[in-house]
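Pasted below: input.cif, mmCIF, C-alpha atoms.
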```cif
data_structure
loop_
_atom_site.group_PDB
_atom_site.id
_atom_site.type_symbol
_atom_site.label_atom_id
_atom_site.label_comp_id
_atom_site.auth_asym_id
_atom_site.auth_seq_id
_atom_site.Cartn_x
_atom_site.Cartn_y
_atom_site.Cartn_z
ATOM 1 C CA MET A 1044 156.629 152.299 84.930
ATOM 2 C CA SER A 1045 156.812 155.907 86.117
ATOM 3 C CA ASN A 1046 155.762 157.240 89.498
ATOM 4 C CA HIS A 1047 153.023 159.091 87.675
ATOM 5 C CA GLN A 1048 151.397 155.833 86.684
ATOM 6 C CA ARG A 1049 151.567 154.459 90.232
ATOM 7 C CA LEU A 1050 149.488 157.331 91.649
ATOM 8 C CA ASP A 1051 145.828 156.545 92.152
ATOM 9 C CA ASP A 1052 143.120 159.031 91.191
ATOM 10 C CA GLY A 1053 142.675 160.238 94.749
ATOM 11 C CA MET A 1054 146.351 161.116 95.050
ATOM 12 C CA ARG A 1055 146.317 162.937 91.703
ATOM 13 C CA TRP A 1056 143.356 165.089 92.698
ATOM 14 C CA ARG A 1057 145.014 165.937 96.025
ATOM 15 C CA ILE A 1058 148.135 167.101 94.206
ATOM 16 C CA VAL A 1059 146.117 169.148 91.699
ATOM 17 C CA GLY A 1060 144.119 170.706 94.546
ATOM 18 C CA ARG A 1061 147.341 171.734 96.348
ATOM 19 C CA LEU A 1062 148.674 173.297 93.141
ATOM 20 C CA GLU A 1063 145.415 175.212 92.542
ATOM 21 C CA ALA A 1064 145.617 176.437 96.141
ATOM 22 C CA GLY A 1065 148.993 178.006 95.359
ATOM 23 C CA GLN A 1066 151.383 175.405 96.881
ATOM 24 C CA SER A 1067 154.634 175.140 94.991
ATOM 25 C CA GLN A 1068 155.654 172.036 93.052
ATOM 26 C CA VAL A 1069 158.835 171.725 95.136
ATOM 27 C CA GLN A 1070 156.841 171.545 98.361
ATOM 28 C CA ILE A 1071 154.519 168.904 96.900
ATOM 29 C CA CYS A 1072 157.482 166.832 95.708
ATOM 30 C CA ARG A 1073 158.929 166.823 99.224
ATOM 31 C CA GLU A 1074 155.592 166.081 100.902
ATOM 32 C CA PHE A 1075 154.617 163.165 98.646
ATOM 33 C CA ASN A 1076 158.163 161.946 97.922
ATOM 34 C CA LEU A 1077 157.815 162.451 94.175
ATOM 35 C CA THR A 1078 160.169 163.638 91.474
ATOM 36 C CA HIS A 1079 159.647 167.075 89.988
ATOM 37 C CA SER A 1080 158.874 165.636 86.540
ATOM 38 C CA VAL A 1081 155.925 163.642 87.889
ATOM 39 C CA VAL A 1082 154.285 166.672 89.482
ATOM 40 C CA PHE A 1083 155.114 168.882 86.488
ATOM 41 C CA ASN A 1084 153.616 166.417 83.972
ATOM 42 C CA LEU A 1085 150.494 165.901 86.090
ATOM 43 C CA TRP A 1086 149.912 169.671 86.387
ATOM 44 C CA LYS A 1087 150.543 170.177 82.656
ATOM 45 C CA GLN A 1088 148.099 167.378 81.781
ATOM 46 C CA PHE A 1089 145.421 168.941 83.983
ATOM 47 C CA GLN A 1090 145.961 172.408 82.476
ATOM 48 C CA ASP A 1091 145.865 171.084 78.885
ATOM 49 C CA THR A 1092 142.999 168.566 79.146
ATOM 50 C CA GLY A 1093 141.240 169.277 82.426
ATOM 51 C CA SER A 1094 141.686 165.610 83.332
ATOM 52 C CA ILE A 1095 144.091 163.657 85.515
ATOM 53 C CA GLU A 1096 143.325 160.202 84.101
ATOM 54 C CA ARG A 1097 146.210 158.106 82.862
ATOM 55 C CA LYS A 1098 146.672 157.872 79.130
ATOM 56 C CA PRO A 1099 145.903 154.487 77.605
ATOM 57 C CA GLY A 1100 148.940 152.320 76.975
ATOM 58 C CA GLN A 1101 150.529 152.376 73.548
ATOM 59 C CA GLY A 1102 152.093 148.901 73.766
ATOM 60 C CA ARG A 1103 151.503 145.830 71.667
ATOM 61 C CA PRO A 1104 147.858 144.660 71.670
ATOM 62 C CA ARG A 1105 147.075 141.478 73.586
ATOM 63 C CA ALA A 1106 147.299 138.410 71.354
ATOM 64 C CA THR A 1107 144.437 136.519 72.989
ATOM 65 C CA THR A 1108 140.954 137.332 74.173
ATOM 66 C CA THR A 1109 139.490 136.501 77.565
ATOM 67 C CA THR A 1110 137.609 133.574 76.024
ATOM 68 C CA GLU A 1111 140.802 132.209 74.469
ATOM 69 C CA ASP A 1112 142.626 132.551 77.787
ATOM 70 C CA ARG A 1113 139.857 130.565 79.449
ATOM 71 C CA TYR A 1114 140.067 127.924 76.711
ATOM 72 C CA LEU A 1115 143.820 127.513 77.278
ATOM 73 C CA SER A 1116 143.216 127.067 80.995
ATOM 74 C CA ILE A 1117 140.508 124.459 80.406
ATOM 75 C CA ILE A 1118 142.503 122.289 77.989
ATOM 76 C CA ALA A 1119 145.589 122.503 80.229
ATOM 77 C CA ARG A 1120 143.555 121.201 83.163
ATOM 78 C CA ARG A 1121 142.078 118.420 81.024
ATOM 79 C CA ASN A 1122 145.493 117.353 79.723
ATOM 80 C CA ARG A 1123 147.945 118.369 82.428
ATOM 81 C CA GLY A 1124 150.879 116.698 80.687
ATOM 82 C CA ALA A 1125 150.553 118.787 77.513
ATOM 83 C CA THR A 1126 153.443 121.098 76.672
ATOM 84 C CA ALA A 1127 152.987 124.800 76.025
ATOM 85 C CA SER A 1128 153.680 124.196 72.331
ATOM 86 C CA GLN A 1129 150.924 121.577 72.174
ATOM 87 C CA LEU A 1130 148.497 123.916 73.904
ATOM 88 C CA SER A 1131 149.289 126.739 71.494
ATOM 89 C CA ARG A 1132 148.622 124.376 68.561
ATOM 90 C CA ASP A 1133 145.335 123.279 70.135
ATOM 91 C CA LEU A 1134 144.338 126.921 70.533
ATOM 92 C CA TYR A 1135 145.114 127.612 66.866
ATOM 93 C CA ALA A 1136 143.115 124.560 65.752
ATOM 94 C CA ALA A 1137 140.092 125.615 67.825
ATOM 95 C CA THR A 1138 140.073 129.404 67.374
ATOM 96 C CA GLY A 1139 142.476 130.263 64.566
ATOM 97 C CA THR A 1140 144.568 132.399 66.922
ATOM 98 C CA ARG A 1141 148.276 131.669 66.641
ATOM 99 C CA VAL A 1142 150.398 132.329 69.735
ATOM 100 C CA SER A 1143 153.881 131.264 70.787
ATOM 101 C CA ARG A 1144 154.577 128.727 73.518
ATOM 102 C CA VAL A 1145 155.865 131.603 75.671
ATOM 103 C CA THR A 1146 152.546 133.418 75.338
ATOM 104 C CA ALA A 1147 150.656 130.228 76.142
ATOM 105 C CA SER A 1148 152.774 129.772 79.276
ATOM 106 C CA LYS A 1149 152.142 133.366 80.360
ATOM 107 C CA ARG A 1150 148.389 132.967 79.950
ATOM 108 C CA LEU A 1151 148.449 129.823 82.083
ATOM 109 C CA HIS A 1152 150.532 131.597 84.722
ATOM 110 C CA GLU A 1153 147.874 134.297 84.877
ATOM 111 C CA THR A 1154 145.265 131.645 85.697
ATOM 112 C CA GLY A 1155 147.430 130.103 88.415
ATOM 113 C CA LEU A 1156 148.879 127.163 86.443
ATOM 114 C CA PHE A 1157 152.624 126.522 86.545
ATOM 115 C CA GLY A 1158 154.797 123.728 85.198
ATOM 116 C CA ARG A 1159 155.766 121.408 88.050
ATOM 117 C CA ARG A 1160 156.886 117.801 88.433
ATOM 118 C CA PRO A 1161 153.948 115.507 89.254
ATOM 119 C CA ALA A 1162 153.835 113.634 92.514
ATOM 120 C CA VAL A 1163 154.162 109.882 91.995
ATOM 121 C CA CYS A 1164 152.522 106.911 93.668
ATOM 122 C CA VAL A 1165 152.172 103.178 93.125
ATOM 123 C CA PRO A 1166 148.945 101.846 91.568
ATOM 124 C CA LEU A 1167 146.460 100.598 94.169
ATOM 125 C CA THR A 1168 143.589 98.175 93.704
ATOM 126 C CA SER A 1169 140.392 98.380 95.729
ATOM 127 C CA MET A 1170 141.693 95.503 97.860
ATOM 128 C CA ASN A 1171 144.960 97.374 98.497
ATOM 129 C CA ARG A 1172 142.989 100.382 99.693
ATOM 130 C CA ARG A 1173 140.815 98.368 102.049
ATOM 131 C CA VAL A 1174 143.791 96.587 103.606
ATOM 132 C CA ARG A 1175 145.710 99.863 104.036
ATOM 133 C CA LEU A 1176 142.721 101.496 105.698
ATOM 134 C CA ALA A 1177 142.285 98.547 108.056
ATOM 135 C CA TRP A 1178 145.968 98.680 109.012
ATOM 136 C CA CYS A 1179 145.795 102.403 109.744
ATOM 137 C CA ARG A 1180 142.713 102.007 111.901
ATOM 138 C CA GLU A 1181 144.348 99.173 113.815
ATOM 139 C CA HIS A 1182 147.452 101.200 114.643
ATOM 140 C CA ARG A 1183 146.109 104.738 114.941
ATOM 141 C CA ASP A 1184 145.842 104.561 118.746
ATOM 142 C CA TRP A 1185 149.266 103.088 119.390
ATOM 143 C CA SER A 1186 151.313 104.848 122.057
ATOM 144 C CA MET A 1187 154.872 106.064 121.649
ATOM 145 C CA ASP A 1188 156.046 103.160 123.802
ATOM 146 C CA GLN A 1189 154.479 100.697 121.390
ATOM 147 C CA TRP A 1190 156.000 102.370 118.338
ATOM 148 C CA ALA A 1191 159.373 102.462 120.083
ATOM 149 C CA THR A 1192 159.562 98.657 119.818
ATOM 150 C CA VAL A 1193 159.211 98.624 116.012
ATOM 151 C CA LEU A 1194 162.235 98.434 113.720
ATOM 152 C CA PHE A 1195 161.172 99.883 110.353
ATOM 153 C CA THR A 1196 163.303 98.388 107.584
ATOM 154 C CA ASP A 1197 163.420 98.616 103.825
ATOM 155 C CA VAL A 1198 165.553 97.829 100.802
ATOM 156 C CA SER A 1199 166.085 100.592 98.283
ATOM 157 C CA TRP A 1200 167.708 100.768 94.872
ATOM 158 C CA PHE A 1201 169.574 103.953 93.941
ATOM 159 C CA SER A 1202 170.205 104.501 90.258
ATOM 160 C CA LEU A 1203 172.230 107.111 88.403
ATOM 161 C CA ASN A 1204 169.776 107.116 85.522
ATOM 162 C CA THR A 1205 167.144 109.834 85.466
ATOM 163 C CA ASP A 1206 163.488 108.957 85.825
ATOM 164 C CA SER A 1207 160.187 110.397 84.684
ATOM 165 C CA ARG A 1208 160.279 113.120 87.335
ATOM 166 C CA ARG A 1209 161.732 115.302 84.614
ATOM 167 C CA THR A 1210 158.244 115.340 83.098
ATOM 168 C CA PHE A 1211 156.265 118.462 84.005
ATOM 169 C CA ILE A 1212 152.529 119.041 84.351
ATOM 170 C CA TRP A 1213 150.348 122.124 84.715
ATOM 171 C CA ARG A 1214 148.978 122.591 88.219
ATOM 172 C CA GLU A 1215 147.955 125.294 90.668
ATOM 173 C CA PRO A 1216 150.041 126.093 93.785
ATOM 174 C CA GLY A 1217 149.098 123.890 96.721
ATOM 175 C CA THR A 1218 147.546 121.117 94.593
ATOM 176 C CA ARG A 1219 150.539 118.756 94.360
ATOM 177 C CA TYR A 1220 148.713 115.715 95.756
ATOM 178 C CA LEU A 1221 145.371 116.070 93.986
ATOM 179 C CA PRO A 1222 144.596 112.870 92.018
ATOM 180 C CA SER A 1223 144.763 114.755 88.713
ATOM 181 C CA ASN A 1224 148.333 115.845 89.501
ATOM 182 C CA VAL A 1225 149.733 112.442 90.532
ATOM 183 C CA ARG A 1226 151.341 109.994 88.089
ATOM 184 C CA GLU A 1227 151.470 106.289 88.924
ATOM 185 C CA ILE A 1228 154.954 104.821 88.479
ATOM 186 C CA ASP A 1229 155.786 101.202 89.210
ATOM 187 C CA HIS A 1230 159.490 100.829 88.448
ATOM 188 C CA TYR A 1231 162.550 102.838 87.494
ATOM 189 C CA GLY A 1232 165.196 101.318 85.263
ATOM 190 C CA GLY A 1233 168.958 101.426 85.293
ATOM 191 C CA GLY A 1234 171.834 100.135 87.377
ATOM 192 C CA GLY A 1235 173.108 101.326 90.708
ATOM 193 C CA LEU A 1236 173.341 100.154 94.299
ATOM 194 C CA MET A 1237 170.898 98.226 96.439
ATOM 195 C CA VAL A 1238 170.976 99.105 100.129
ATOM 196 C CA TRP A 1239 169.150 98.101 103.308
ATOM 197 C CA ALA A 1240 168.639 99.973 106.583
ATOM 198 C CA GLY A 1241 166.414 100.027 109.649
ATOM 199 C CA ILE A 1242 165.301 102.820 111.976
ATOM 200 C CA MET A 1243 163.636 103.019 115.399
ATOM 201 C CA LEU A 1244 162.603 105.892 117.617
ATOM 202 C CA ASP A 1245 165.842 105.618 119.600
ATOM 203 C CA GLY A 1246 168.254 104.080 117.125
ATOM 204 C CA ARG A 1247 169.145 102.871 113.657
ATOM 205 C CA THR A 1248 171.080 100.138 111.946
ATOM 206 C CA PRO A 1249 174.155 100.699 109.781
ATOM 207 C CA LEU A 1250 173.495 101.168 106.076
ATOM 208 C CA HIS A 1251 174.086 97.824 104.414
ATOM 209 C CA VAL A 1252 175.134 97.793 100.740
ATOM 210 C CA PHE A 1253 174.434 94.570 98.878
ATOM 211 C CA GLU A 1254 177.123 93.264 96.597
ATOM 212 C CA ARG A 1255 176.271 92.413 93.032
ATOM 213 C CA GLY A 1256 173.615 89.803 92.475
ATOM 214 C CA THR A 1257 170.023 89.128 93.394
ATOM 215 C CA VAL A 1258 168.886 89.435 96.995
ATOM 216 C CA THR A 1259 167.442 86.038 97.868
ATOM 217 C CA GLY A 1260 165.925 84.714 101.059
ATOM 218 C CA VAL A 1261 169.277 83.195 101.982
ATOM 219 C CA ARG A 1262 171.102 86.509 101.527
ATOM 220 C CA TYR A 1263 168.390 88.354 103.442
ATOM 221 C CA ARG A 1264 168.772 85.974 106.359
ATOM 222 C CA ASP A 1265 172.588 85.846 106.316
ATOM 223 C CA GLU A 1266 173.323 89.518 105.552
ATOM 224 C CA ILE A 1267 170.439 91.278 107.317
ATOM 225 C CA LEU A 1268 168.622 89.175 109.895
ATOM 226 C CA GLU A 1269 171.644 87.509 111.432
ATOM 227 C CA PRO A 1270 173.977 90.504 111.900
ATOM 228 C CA TYR A 1271 171.437 93.330 112.412
ATOM 229 C CA VAL A 1272 167.879 92.323 113.309
ATOM 230 C CA ARG A 1273 168.835 89.593 115.766
ATOM 231 C CA LEU A 1274 170.989 92.060 117.730
ATOM 232 C CA PHE A 1275 168.185 94.610 117.914
ATOM 233 C CA ARG A 1276 165.826 91.894 119.137
ATOM 234 C CA GLY A 1277 168.250 91.094 121.941
ATOM 235 C CA ALA A 1278 168.602 94.754 122.910
ATOM 236 C CA VAL A 1279 164.892 95.617 122.894
ATOM 237 C CA GLY A 1280 163.536 92.409 124.362
ATOM 238 C CA PRO A 1281 160.484 90.269 123.657
ATOM 239 C CA GLU A 1282 158.399 93.357 122.763
ATOM 240 C CA PHE A 1283 160.559 93.847 119.648
ATOM 241 C CA ILE A 1284 158.651 93.971 116.335
ATOM 242 C CA LEU A 1285 160.223 93.754 112.891
ATOM 243 C CA MET A 1286 158.615 95.668 110.069
ATOM 244 C CA ASP A 1287 159.597 94.554 106.576
ATOM 245 C CA ASP A 1288 157.555 94.672 103.407
ATOM 246 C CA ASN A 1289 156.112 91.821 101.377
ATOM 247 C CA ALA A 1290 159.041 91.362 98.992
ATOM 248 C CA ARG A 1291 159.570 87.748 97.986
ATOM 249 C CA PRO A 1292 162.913 87.291 99.821
ATOM 250 C CA HIS A 1293 161.314 88.568 103.040
ATOM 251 C CA ARG A 1294 158.558 85.950 102.864
ATOM 252 C CA ALA A 1295 160.745 82.945 102.107
ATOM 253 C CA LEU A 1296 160.158 79.860 104.253
ATOM 254 C CA LEU A 1297 163.709 79.859 105.619
ATOM 255 C CA VAL A 1298 163.237 83.484 106.701
ATOM 256 C CA ASP A 1299 160.037 82.594 108.556
ATOM 257 C CA GLU A 1300 161.827 79.705 110.243
ATOM 258 C CA PHE A 1301 164.696 81.932 111.320
ATOM 259 C CA LEU A 1302 162.385 84.568 112.803
ATOM 260 C CA GLU A 1303 160.457 81.896 114.664
ATOM 261 C CA SER A 1304 163.648 80.348 116.044
ATOM 262 C CA GLU A 1305 164.817 83.768 117.273
ATOM 263 C CA ASP A 1306 161.370 84.659 118.686
ATOM 264 C CA ILE A 1307 161.138 87.747 116.471
ATOM 265 C CA ARG A 1308 157.641 89.073 115.858
ATOM 266 C CA ARG A 1309 156.831 90.520 112.471
ATOM 267 C CA MET A 1310 154.373 93.325 111.853
ATOM 268 C CA ASP A 1311 151.623 92.603 109.322
ATOM 269 C CA TRP A 1312 152.244 95.039 106.490
ATOM 270 C CA PRO A 1313 149.753 96.009 103.762
ATOM 271 C CA ALA A 1314 150.946 95.454 100.212
ATOM 272 C CA ARG A 1315 152.041 98.427 98.078
ATOM 273 C CA SER A 1316 152.383 100.743 101.055
ATOM 274 C CA PRO A 1317 155.877 102.257 100.997
ATOM 275 C CA ASP A 1318 154.404 105.633 101.955
ATOM 276 C CA LEU A 1319 153.405 104.237 105.365
ATOM 277 C CA ASN A 1320 157.027 103.406 106.186
ATOM 278 C CA PRO A 1321 158.857 106.317 107.857
ATOM 279 C CA ILE A 1322 162.186 105.102 106.469
ATOM 280 C CA GLU A 1323 161.100 106.562 103.120
ATOM 281 C CA HIS A 1324 162.183 109.926 104.524
ATOM 282 C CA VAL A 1325 165.668 108.471 105.017
ATOM 283 C CA TRP A 1326 165.782 107.319 101.403
ATOM 284 C CA ASP A 1327 164.636 110.727 100.237
ATOM 285 C CA ALA A 1328 167.416 112.463 102.195
ATOM 286 C CA LEU A 1329 169.973 109.951 100.936
ATOM 287 C CA GLY A 1330 168.865 110.460 97.351
ATOM 288 C CA ARG A 1331 169.211 114.217 97.693
ATOM 289 C CA ALA A 1332 172.680 113.796 99.189
ATOM 290 C CA ILE A 1333 173.722 111.598 96.267
ATOM 291 C CA ALA A 1334 172.384 114.167 93.822
ATOM 292 C CA THR A 1335 174.539 116.923 95.335
ATOM 293 C CA ARG A 1336 177.649 114.748 95.018
ATOM 294 C CA ASN A 1337 176.905 113.826 91.419
ATOM 295 C CA PRO A 1338 175.334 116.891 89.775
ATOM 296 C CA LEU A 1339 175.681 115.561 86.234
ATOM 297 C CA ARG A 1340 173.065 112.879 86.840
ATOM 298 C CA GLU A 1341 169.975 112.854 88.992
ATOM 299 C CA PRO A 1342 169.690 109.567 90.911
ATOM 300 C CA SER A 1343 166.401 107.767 90.814
ATOM 301 C CA ARG A 1344 165.192 105.250 93.361
ATOM 302 C CA LYS A 1345 162.797 102.358 93.413
#
```
Written as structure tokens, how would this file's structure read?
Amino acid sequence: MSNHQRLDDGMRWRIVGRLEAGQSQVQICREFNLTHSVVFNLWKQFQDTGSIERKPGQGRPRATTTTEDRYLSIIARRNRGATASQLSRDLYAATGTRVSRVTASKRLHETGLFGRRPAVCVPLTSMNRRVRLAWCREHRDWSMDQWATVLFTDVSWFSLNTDSRRTFIWREPGTRYLPSNVREIDHYGGGGLMVWAGIMLDGRTPLHVFERGTVTGVRYRDEILEPYVRLFRGAVGPEFILMDDNARPHRALLVDEFLESEDIRRMDWPARSPDLNPIEHVWDALGRAIATRNPLREPSRK
């Protein structure tokens, strides 16, 4: 695009007025920081046509109308997982206008829609929502001293197999967590490593890697509660609170008996609420670190 085309009408008339007043083209070029060809062509256009308006573009005509652009935007918002190729086929079926997937993508970009990975969450029932809300209301006024007594723990599975986060949707900037842009995902498949860790305001446990096999209540007690949690309880004192989720090994009878024998209080935790656990940020950072060390595969976590 030339400098001539960037000039607005007011600037063009000012330049023409200076030229009619006898100012030289060189002086105008210096004053307005323009090339000589821009001023020369503008003056020639005015002398030949008496107008300073830009000439209409001679490029390729637009493949879609405004109505068709709006239709593409509507069907992309209704089916946010559709690919650009699918949307172009839908447009052809509805209007008879054939466009490429690149053109369909460009039209969606013009309306503020871009291909992004959807945010994911676990499915929640109405009961899950009520319990989560009650938990949040119960703890919203806790002081920093109260939170400092809580050891947030979690078990996480890191896999080298990719997950559905490679699937893209159409969404507007700043709308990542709108319900229409979130996909519910329960489990990821594949093998990898299962790890456990705990964090507090003023400390953390070592990262424990489970050997092969299923984590049972016995393993949870012998590998986690005995060597890690019991020591934190002794360091913090009777105010210590253990936060672990509702996984079956955590709720085994022998685990309850061990916690009672060690006078370890457990925080009531709402089901399906990993997002309430601050240790999820640790898992996210660990997953990103693993991804940088193994660029050929993107680790997934459940």
Find the residues near Thr1257 (chain A): any atom within 12 Å, counting only C-alpha atoms, skip ones fewer than 6 places away on the same chain, and give them as a short mmCIF file (atom, residue, chain, number, x, y, z; two decimals) with C-alpha atoms, keeping the file's coordinate frame.
```cif
data_model
loop_
_atom_site.label_atom_id
_atom_site.label_comp_id
_atom_site.auth_asym_id
_atom_site.auth_seq_id
_atom_site.Cartn_x
_atom_site.Cartn_y
_atom_site.Cartn_z
CA TRP A 1200 167.71 100.77 94.87
CA LEU A 1236 173.34 100.15 94.30
CA MET A 1237 170.90 98.23 96.44
CA TYR A 1263 168.39 88.35 103.44
CA ARG A 1291 159.57 87.75 97.99
CA PRO A 1292 162.91 87.29 99.82
#
```
Any idea what's packed within 12 Å of Gln1068 (chain A), counting all atoms listed in the file, ignoring anything in its chain fewer than 4 positions away? Could you give it as number ranges by chain? A: 1058-1064, 1072-1087
Might you pull out every residue within 12 Å of Arg1255 (chain A), with only C-alpha atoms counted and same-chain residues fewer than 3 positions away left off, and present them as a PyMOL selection string? chain A and resi 1234-1238+1252+1258-1259+1262
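Distances to Leu1250 (chain A) were evaluated for A:Ile1071, A:Val1198, A:Met1286, A:Ile1095 using all atoms listed in the file, and the minimum falls at A:Val1198.
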Region 1117-1128 of chain A environment, 7 Å, only C-alpha atoms, sequence neighbours closer than 5 positions dropped, as a ChimeraX atom specification: /A:1144,1147-1148,1211-1213
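Once all atoms listed in the file are considered, the residues situated within 12 Å of the file point (175.5, 90.0, 109.7) turn out to be Thr1248, Pro1249, Leu1250, His1251, Val1252, Phe1253, Arg1262, Tyr1263, Arg1264, Asp1265, Glu1266, Ile1267, Leu1268, Glu1269, Pro1270, Tyr1271, Val1272, Arg1273, Leu1274 and Phe1275 of chain A.
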Just want the 7 Å neighbourhood of region 1315-1322 of chain A, counted on only C-alpha atoms, with same-chain residues fewer than 4 positions away dropped. Output as a ChimeraX atom specification. /A:1165,1195-1196,1242,1326
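Rounded to one decimal, CA of Glu1111 (chain A) and CA of Asn1224 (chain A) lie 23.5 Å from each other.
Taking CA of Val1142 (chain A) and CA of Thr1218 (chain A) as endpoints, the distance between them is 27.4 Å.
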Nearest to Gly1053 (chain A), restricted to all atoms listed in the file and choosing among A:Asp1197, A:Glu1096, A:Gly1280, A:Trp1178, comes out as A:Glu1096
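With distances restricted to all atoms listed in the file, A:Ala1295 is the closest residue to Val1261 (chain A) from A:Ala1295, A:Arg1105, A:Val1163, A:Leu1302.
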Quick one: what's the axis-aligned box for region 1182-1190 of chain A, all listed atoms, 3 Å on every side, centre and edges in Å to one decimal, as AutoDock Vina command-line options?
```
--center_x 150.9 --center_y 103.4 --center_z 119.2 --size_x 16.2 --size_y 11.4 --size_z 15.2
```
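Using all atoms listed in the file, the smallest distance between any of A:Trp1185, A:Phe1283, A:Phe1201, A:Tyr1135 and Glu1305 (chain A) comes from A:Phe1283.
Residue membership of the PyMOL selection byres ((chain A and resi 1188) around 12) in the shown file amounts to Asp1184, Trp1185, Ser1186, Met1187, Gln1189, Trp1190, Ala1191, Thr1192, Val1193, Met1243, Leu1244, Asp1245, Val1279, Glu1282 and Phe1283 of chain A.
Here CA of Arg1226 (chain A) and CA of Glu1181 (chain A) stand 28.8 Å from one another.
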Mind telling me what the PyMOL selection byres ((chain A and resi 1150) around 10) catches here, as an MDAnalysis selection string? chainID A and resid 1107 1109 1111:1113 1115:1116 1144:1149 1151:1156
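With all atoms listed in the file as the atoms that count, the minimum distance from Asn1171 (chain A) to the choices A:Glu1227, A:Ile1307, A:Trp1312, A:Gly1158 is reached by A:Trp1312.
Here the question is which of A:Val1069, A:Ala1162, A:Leu1134, A:Ala1240 gets nearest to Tyr1220 (chain A) using all atoms listed in the file, and that residue is A:Ala1162.
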